[in-house]
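K.L.:
Following this line is input.cif, made up of mmCIF, C-alpha atoms:
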```cif
data_input
#
loop_
_atom_site.group_PDB
_atom_site.id
_atom_site.type_symbol
_atom_site.label_atom_id
_atom_site.label_comp_id
_atom_site.auth_asym_id
_atom_site.auth_seq_id
_atom_site.Cartn_x
_atom_site.Cartn_y
_atom_site.Cartn_z
ATOM 1 C CA MET A 137 55.550 34.777 47.475
ATOM 2 C CA ALA A 138 52.002 35.568 48.348
ATOM 3 C CA ALA A 139 51.427 36.699 44.796
ATOM 4 C CA ALA A 140 52.925 33.507 43.540
ATOM 5 C CA SER A 141 50.709 31.425 45.774
ATOM 6 C CA MET A 142 47.624 33.348 44.646
ATOM 7 C CA THR A 143 48.518 32.686 41.073
ATOM 8 C CA MET A 144 48.956 29.012 41.826
ATOM 9 C CA ALA A 145 45.700 28.960 43.764
ATOM 10 C CA SER A 146 43.818 30.652 40.963
ATOM 11 C CA ARG A 147 45.379 28.263 38.507
ATOM 12 C CA ASN A 148 44.409 25.299 40.642
ATOM 13 C CA LYS A 149 40.974 26.698 41.150
ATOM 14 C CA GLY A 150 40.487 27.325 37.453
ATOM 15 C CA GLY A 151 41.990 23.979 36.635
ATOM 16 C CA ALA A 152 39.710 22.265 39.108
ATOM 17 C CA GLU A 153 36.654 23.901 37.573
ATOM 18 C CA ALA A 154 37.692 22.907 34.082
ATOM 19 C CA TYR A 155 38.429 19.406 35.316
ATOM 20 C CA ASP A 156 35.086 19.147 37.126
ATOM 21 C CA ALA A 157 33.143 20.580 34.177
ATOM 22 C CA ALA A 158 34.449 18.036 31.707
ATOM 23 C CA PRO A 159 33.150 14.966 33.569
ATOM 24 C CA ALA A 160 29.802 16.676 34.141
ATOM 25 C CA GLU A 161 29.414 17.169 30.391
ATOM 26 C CA GLY A 162 30.566 13.624 29.751
ATOM 27 C CA LYS A 163 27.934 12.302 32.147
ATOM 28 C CA ALA A 164 25.185 14.386 30.558
ATOM 29 C CA LYS A 165 25.718 12.899 27.128
ATOM 30 C CA PRO A 166 25.009 9.288 28.110
ATOM 31 C CA LYS A 167 21.851 10.391 29.927
ATOM 32 C CA GLY A 168 20.721 12.228 26.798
ATOM 33 C CA LYS A 169 21.502 9.207 24.674
ATOM 34 C CA ARG A 170 19.644 6.958 27.082
ATOM 35 C CA LYS A 171 16.615 9.230 27.005
ATOM 36 C CA LEU A 172 16.719 9.376 23.224
ATOM 37 C CA LEU A 173 16.995 5.588 22.960
ATOM 38 C CA ALA A 174 14.140 5.177 25.442
ATOM 39 C CA VAL A 175 11.907 7.559 23.457
ATOM 40 C CA VAL A 176 12.771 5.906 20.130
ATOM 41 C CA GLY A 177 12.173 2.461 21.636
ATOM 42 C CA LEU A 178 8.839 3.542 23.095
ATOM 43 C CA VAL A 179 7.711 5.003 19.753
ATOM 44 C CA ALA A 180 8.741 1.800 17.963
ATOM 45 C CA VAL A 181 6.875 -0.391 20.463
ATOM 46 C CA LEU A 182 3.745 1.758 20.191
ATOM 47 C CA GLY A 183 3.937 1.671 16.389
ATOM 48 C CA VAL A 184 4.222 -2.109 16.305
ATOM 49 C CA ALA A 185 1.410 -2.439 18.835
ATOM 50 C CA GLY A 186 -0.823 -0.135 16.791
ATOM 51 C CA VAL A 187 -0.313 -2.265 13.688
ATOM 52 C CA ALA A 188 -0.545 -5.621 15.457
ATOM 53 C CA TYR A 189 -3.535 -4.911 17.731
ATOM 54 C CA PRO A 190 -6.275 -5.129 15.048
ATOM 55 C CA LYS A 191 -4.694 -8.284 13.644
ATOM 56 C CA LEU A 192 -4.363 -9.947 17.018
ATOM 57 C CA THR A 193 -7.878 -9.038 18.157
ATOM 58 C CA HIS A 194 -9.419 -9.790 14.751
ATOM 59 C CA LYS A 195 -11.066 -6.384 14.637
ATOM 60 C CA LYS A 196 -11.683 -4.898 11.216
ATOM 61 C CA PRO A 197 -10.559 -1.335 10.524
ATOM 62 C CA ALA A 198 -13.197 1.402 10.300
ATOM 63 C CA GLY A 199 -14.904 1.417 6.916
ATOM 64 C CA TYR A 200 -14.051 -2.212 6.187
ATOM 65 C CA LYS A 201 -16.722 -3.989 4.191
ATOM 66 C CA SER A 202 -16.795 -7.718 3.868
ATOM 67 C CA VAL A 203 -18.168 -8.880 0.549
ATOM 68 C CA ALA A 204 -19.129 -12.512 0.172
ATOM 69 C CA LEU A 205 -19.888 -14.021 -3.199
ATOM 70 C CA ALA A 206 -23.000 -16.103 -3.488
ATOM 71 C CA VAL A 207 -21.231 -18.521 -5.831
ATOM 72 C CA PRO A 208 -17.986 -20.413 -5.258
ATOM 73 C CA ASN A 209 -14.970 -19.071 -7.089
ATOM 74 C CA GLY A 210 -13.290 -21.046 -9.816
ATOM 75 C CA PRO A 211 -10.054 -20.543 -11.730
ATOM 76 C CA ILE A 212 -8.459 -17.204 -12.517
ATOM 77 C CA GLU A 213 -7.615 -16.439 -16.143
ATOM 78 C CA SER A 214 -4.858 -13.852 -16.574
ATOM 79 C CA LEU A 215 -4.276 -11.725 -19.646
ATOM 80 C CA ASP A 216 -0.951 -10.241 -20.635
ATOM 81 C CA PRO A 217 -0.682 -6.510 -19.931
ATOM 82 C CA VAL A 218 -1.952 -4.314 -22.741
ATOM 83 C CA THR A 219 -1.182 -0.651 -23.501
ATOM 84 C CA ILE A 220 -4.230 1.507 -24.154
ATOM 85 C CA ASN A 221 -4.630 5.123 -25.279
ATOM 86 C CA LEU A 222 -6.890 6.943 -22.838
ATOM 87 C CA SER A 223 -9.398 9.434 -24.256
ATOM 88 C CA ASP A 224 -7.250 12.427 -23.210
ATOM 89 C CA GLY A 225 -4.075 11.196 -24.951
ATOM 90 C CA HIS A 226 -2.401 9.583 -21.910
ATOM 91 C CA LEU A 227 -1.319 5.947 -21.930
ATOM 92 C CA LEU A 228 -2.403 3.131 -19.637
ATOM 93 C CA GLN A 229 -0.711 -0.222 -19.381
ATOM 94 C CA VAL A 230 -3.045 -2.601 -17.583
ATOM 95 C CA GLY A 231 -2.884 -6.290 -16.799
ATOM 96 C CA VAL A 232 -6.195 -7.983 -16.039
ATOM 97 C CA ALA A 233 -7.100 -11.272 -14.390
ATOM 98 C CA VAL A 234 -10.656 -12.593 -14.539
ATOM 99 C CA GLN A 235 -11.997 -14.653 -11.627
ATOM 100 C CA LEU A 236 -14.403 -17.265 -12.955
ATOM 101 C CA THR A 237 -17.014 -19.186 -11.014
ATOM 102 C CA LEU A 238 -17.263 -22.965 -10.904
ATOM 103 C CA ALA A 239 -20.213 -22.692 -13.314
ATOM 104 C CA ALA A 240 -17.993 -21.135 -15.998
ATOM 105 C CA ASP A 241 -16.426 -23.164 -18.751
ATOM 106 C CA ALA A 242 -12.791 -22.098 -18.488
ATOM 107 C CA LYS A 243 -11.965 -23.450 -21.950
ATOM 108 C CA LYS A 244 -14.656 -21.279 -23.540
ATOM 109 C CA VAL A 245 -13.534 -18.224 -21.635
ATOM 110 C CA THR A 246 -9.887 -18.807 -22.614
ATOM 111 C CA ALA A 247 -10.962 -19.198 -26.247
ATOM 112 C CA MET A 248 -12.715 -15.841 -25.895
ATOM 113 C CA ASP A 249 -9.527 -13.992 -24.909
ATOM 114 C CA PRO A 250 -9.772 -11.634 -27.921
ATOM 115 C CA ARG A 251 -13.265 -10.605 -26.786
ATOM 116 C CA ILE A 252 -12.029 -10.052 -23.248
ATOM 117 C CA LEU A 253 -9.112 -7.999 -24.572
ATOM 118 C CA ASP A 254 -11.534 -5.945 -26.681
ATOM 119 C CA ALA A 255 -13.693 -5.313 -23.599
ATOM 120 C CA VAL A 256 -10.617 -4.118 -21.682
ATOM 121 C CA ILE A 257 -9.586 -1.764 -24.490
ATOM 122 C CA THR A 258 -13.120 -0.456 -25.043
ATOM 123 C CA THR A 259 -13.671 0.147 -21.331
ATOM 124 C CA PHE A 260 -10.439 2.007 -20.658
ATOM 125 C CA SER A 261 -10.224 3.981 -23.894
ATOM 126 C CA ALA A 262 -13.279 5.954 -22.701
ATOM 127 C CA TRP A 263 -11.557 6.974 -19.445
ATOM 128 C CA THR A 264 -9.278 9.978 -18.840
ATOM 129 C CA TYR A 265 -6.126 10.162 -16.776
ATOM 130 C CA PRO A 266 -7.611 12.415 -14.040
ATOM 131 C CA ASN A 267 -10.749 10.252 -13.748
ATOM 132 C CA LEU A 268 -8.729 7.060 -13.270
ATOM 133 C CA LEU A 269 -6.335 8.785 -10.900
ATOM 134 C CA GLY A 270 -9.114 10.376 -8.835
ATOM 135 C CA PRO A 271 -10.749 8.820 -5.808
ATOM 136 C CA GLY A 272 -12.590 5.654 -6.718
ATOM 137 C CA GLY A 273 -11.444 5.756 -10.352
ATOM 138 C CA HIS A 274 -9.811 2.325 -10.285
ATOM 139 C CA GLU A 275 -12.813 0.763 -8.565
ATOM 140 C CA GLN A 276 -15.332 2.325 -10.968
ATOM 141 C CA ALA A 277 -13.289 1.111 -13.935
ATOM 142 C CA ARG A 278 -13.090 -2.372 -12.407
ATOM 143 C CA GLN A 279 -16.866 -2.487 -11.894
ATOM 144 C CA GLN A 280 -17.495 -1.244 -15.430
ATOM 145 C CA LEU A 281 -15.172 -3.881 -16.888
ATOM 146 C CA GLU A 282 -16.702 -6.615 -14.719
ATOM 147 C CA ALA A 283 -20.209 -5.689 -15.900
ATOM 148 C CA ARG A 284 -19.029 -5.736 -19.522
ATOM 149 C CA LEU A 285 -17.446 -9.176 -19.079
ATOM 150 C CA GLN A 286 -20.538 -10.537 -17.351
ATOM 151 C CA SER A 287 -22.570 -9.458 -20.376
ATOM 152 C CA LEU A 288 -20.061 -11.251 -22.642
ATOM 153 C CA PHE A 289 -20.420 -14.457 -20.628
ATOM 154 C CA PRO A 290 -24.082 -14.819 -19.641
ATOM 155 C CA PRO A 291 -25.062 -16.821 -16.540
ATOM 156 C CA VAL A 292 -25.153 -20.621 -16.759
ATOM 157 C CA GLY A 293 -28.181 -22.014 -14.955
ATOM 158 C CA GLY A 294 -28.679 -18.699 -13.164
ATOM 159 C CA THR A 295 -25.057 -18.624 -11.918
ATOM 160 C CA PRO A 296 -22.785 -15.896 -13.300
ATOM 161 C CA GLN A 297 -19.618 -17.030 -15.032
ATOM 162 C CA VAL A 298 -17.489 -14.025 -14.045
ATOM 163 C CA ALA A 299 -17.025 -13.569 -10.298
ATOM 164 C CA GLY A 300 -14.578 -10.670 -10.395
ATOM 165 C CA VAL A 301 -11.925 -8.704 -12.214
ATOM 166 C CA TYR A 302 -8.481 -7.943 -10.781
ATOM 167 C CA PHE A 303 -5.761 -5.597 -12.016
ATOM 168 C CA THR A 304 -2.409 -7.350 -12.034
ATOM 169 C CA SER A 305 -0.632 -4.218 -13.239
ATOM 170 C CA PHE A 306 -1.784 -0.641 -13.669
ATOM 171 C CA VAL A 307 0.640 1.978 -15.005
ATOM 172 C CA MET A 308 -0.483 5.365 -16.335
ATOM 173 C CA GLN A 309 1.633 7.871 -18.179
#
```
Take the structure in the file and give it back as structure tokens.
P.N.:
Amino acid sequence: MAAASMTMASRNKGGAEAYDAAPAEGKAKPKGKRKLLAVVGLVAVLGVAGVAYPKLTHKKPAGYKSVALAVPNGPIESLDPVTINLSDGHLLQVGVAVQLTLAADAKKVTAMDPRILDAVITTFSAWTYPNLLGPGGHEQARQQLEARLQSLFPPVGGTPQVAGVYFTSFVMQ
């Protein structure tokens, strides 16, 4: 009988350990989940705060340059996208919008669309894929095109007619 009671005791003991271990594991999981949720929530809050802080405090990011035009901006004339062969055989599909000043005669500029289109094609056909893709390539091309358009439309009374050039689409292949 003693052997039988030892067997029962060892069974009860083993059963009690197994029973006690299961709730301990069950309790550990919610704590782990809570910690994980707390960490994820904290990271999300910090991310949102990092993005929102400069906007809320009106601070400009490092390297930000504010450029003010000396002349008031007028209408924007948009051209349909055009496909151009780059000098290295790649293709560029670019859409361009021209920001005029109030001194510009928008009707004259619109009538000159073929000349603007020619300036776009001439400017970009001299570029290569790696040069446009490289750092500052887009901006250099924009400045080159803007200078070419300003020479097409000379200043009126000392005020330039072209205030800026914007790319409305830019796809290279």
K.L.:
Expressed in Å to a single decimal, how great is the separation between atom CA of Ala255 of chain A and atom CA of Gly293 of chain A?
P.N.:
23.7 Å
K.L.:
Mind giving me the straight-line distance from atom CA of Tyr302 of chain A to atom CA of Gly272 of chain A in Å, one decimal?
P.N.:
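Computing the Euclidean distance for atom CA of Tyr302 of chain A and atom CA of Gly272 of chain A yields 14.8 Å.
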K.L.:
Could you write out as a PDB file with C-alpha atoms, in the coordinates of the input the residues that the PyMOL selection byres ((chain A and resi 217-221) around 8) matches in the shown file?
P.N.:
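Final output, saved to out36.pdb:
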```pdb
ATOM      1  CA  LEU A 215      -4.276 -11.725 -19.646  1.00  0.00           C
ATOM      2  CA  ASP A 216      -0.951 -10.241 -20.635  1.00  0.00           C
ATOM      3  CA  LEU A 222      -6.890   6.943 -22.838  1.00  0.00           C
ATOM      4  CA  SER A 223      -9.398   9.434 -24.256  1.00  0.00           C
ATOM      5  CA  GLY A 225      -4.075  11.196 -24.951  1.00  0.00           C
ATOM      6  CA  HIS A 226      -2.401   9.583 -21.910  1.00  0.00           C
ATOM      7  CA  LEU A 227      -1.319   5.947 -21.930  1.00  0.00           C
ATOM      8  CA  LEU A 228      -2.403   3.131 -19.637  1.00  0.00           C
ATOM      9  CA  GLN A 229      -0.711  -0.222 -19.381  1.00  0.00           C
ATOM     10  CA  VAL A 230      -3.045  -2.601 -17.583  1.00  0.00           C
ATOM     11  CA  GLY A 231      -2.884  -6.290 -16.799  1.00  0.00           C
ATOM     12  CA  VAL A 232      -6.195  -7.983 -16.039  1.00  0.00           C
ATOM     13  CA  ILE A 257      -9.586  -1.764 -24.490  1.00  0.00           C
ATOM     14  CA  PHE A 260     -10.439   2.007 -20.658  1.00  0.00           C
ATOM     15  CA  SER A 261     -10.224   3.981 -23.894  1.00  0.00           C
ATOM     16  CA  SER A 305      -0.632  -4.218 -13.239  1.00  0.00           C
TER      17      SER A 305
END
```
K.L.:
What is the distance, in Å and to one decimal place, between atom CA of Gln235 of chain A and atom CA of Val301 of chain A?
P.N.:
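Atom-to-atom, atom CA of Gln235 of chain A and atom CA of Val301 of chain A are spaced 6.0 Å apart.
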K.L.:
Pick out the residues sitting within 8 Å of Leu285 of chain A, and hand them over as an MDAnalysis selection string; count only C-alpha atoms, and ignore anything fewer than 4 positions along from it in its own chain.
P.N.:
chainID A and resid 252 255 281 289 298
K.L.:
Which protein, DNA or RNA residues are at most 7 Å from (-12.6, -25.3, -10.6) in the file's coordinates when you count only C-alpha atoms, listed as a ChimeraX atom specification?
P.N.:
/A:210-211,238
K.L.:
Please produce a file of the residues just selected, as a CSV table (one decimal), in the frame of the given file, where the atoms kept are C-alpha atoms.
P.N.:
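So part.csv came out as:
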```csv
chain,number,residue,atom,x,y,z
A,210,GLY,CA,-13.3,-21.0,-9.8
A,211,PRO,CA,-10.1,-20.5,-11.7
A,238,LEU,CA,-17.3,-23.0,-10.9
```
K.L.:
On this file, the PyMOL selection byres ((chain A and resi 294-297) around 12) gives some set of residues; write that set as a short mmCIF file (atom, residue, chain, number, x, y, z; two decimals) with C-alpha atoms, in the frame of the given file.
P.N.:
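Below you can see part19.cif, which holds the result:
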```cif
data_model
loop_
_atom_site.label_atom_id
_atom_site.label_comp_id
_atom_site.auth_asym_id
_atom_site.auth_seq_id
_atom_site.Cartn_x
_atom_site.Cartn_y
_atom_site.Cartn_z
CA LEU A 205 -19.89 -14.02 -3.20
CA ALA A 206 -23.00 -16.10 -3.49
CA VAL A 207 -21.23 -18.52 -5.83
CA PRO A 208 -17.99 -20.41 -5.26
CA ASN A 209 -14.97 -19.07 -7.09
CA GLY A 210 -13.29 -21.05 -9.82
CA PRO A 211 -10.05 -20.54 -11.73
CA ILE A 212 -8.46 -17.20 -12.52
CA VAL A 234 -10.66 -12.59 -14.54
CA GLN A 235 -12.00 -14.65 -11.63
CA LEU A 236 -14.40 -17.26 -12.96
CA THR A 237 -17.01 -19.19 -11.01
CA LEU A 238 -17.26 -22.96 -10.90
CA ALA A 239 -20.21 -22.69 -13.31
CA ALA A 240 -17.99 -21.14 -16.00
CA ASP A 241 -16.43 -23.16 -18.75
CA ALA A 242 -12.79 -22.10 -18.49
CA LYS A 244 -14.66 -21.28 -23.54
CA VAL A 245 -13.53 -18.22 -21.64
CA GLU A 282 -16.70 -6.62 -14.72
CA ALA A 283 -20.21 -5.69 -15.90
CA LEU A 285 -17.45 -9.18 -19.08
CA GLN A 286 -20.54 -10.54 -17.35
CA SER A 287 -22.57 -9.46 -20.38
CA LEU A 288 -20.06 -11.25 -22.64
CA PHE A 289 -20.42 -14.46 -20.63
CA PRO A 290 -24.08 -14.82 -19.64
CA PRO A 291 -25.06 -16.82 -16.54
CA VAL A 292 -25.15 -20.62 -16.76
CA GLY A 293 -28.18 -22.01 -14.96
CA VAL A 298 -17.49 -14.02 -14.04
CA ALA A 299 -17.02 -13.57 -10.30
CA GLY A 300 -14.58 -10.67 -10.40
CA VAL A 301 -11.92 -8.70 -12.21
#
```
K.L.:
For segment 289-308 of chain A, what centre and edge lengths in Å (one decimal) does the axis-aligned box get once 3 Å is added on each side of all its listed atoms, as AutoDock Vina command-line options?
P.N.:
```
--center_x -14.0 --center_y -8.3 --center_z -15.5 --size_x 35.3 --size_y 33.4 --size_z 16.3
```
K.L.:
With only C-alpha atoms as the atoms that count, which of A:Ser214, A:Glu275, A:Gly177, A:Phe306 lies nearest to Thr246 of chain A?
P.N.:
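Smallest distance to Thr246 of chain A is found for A:Ser214.
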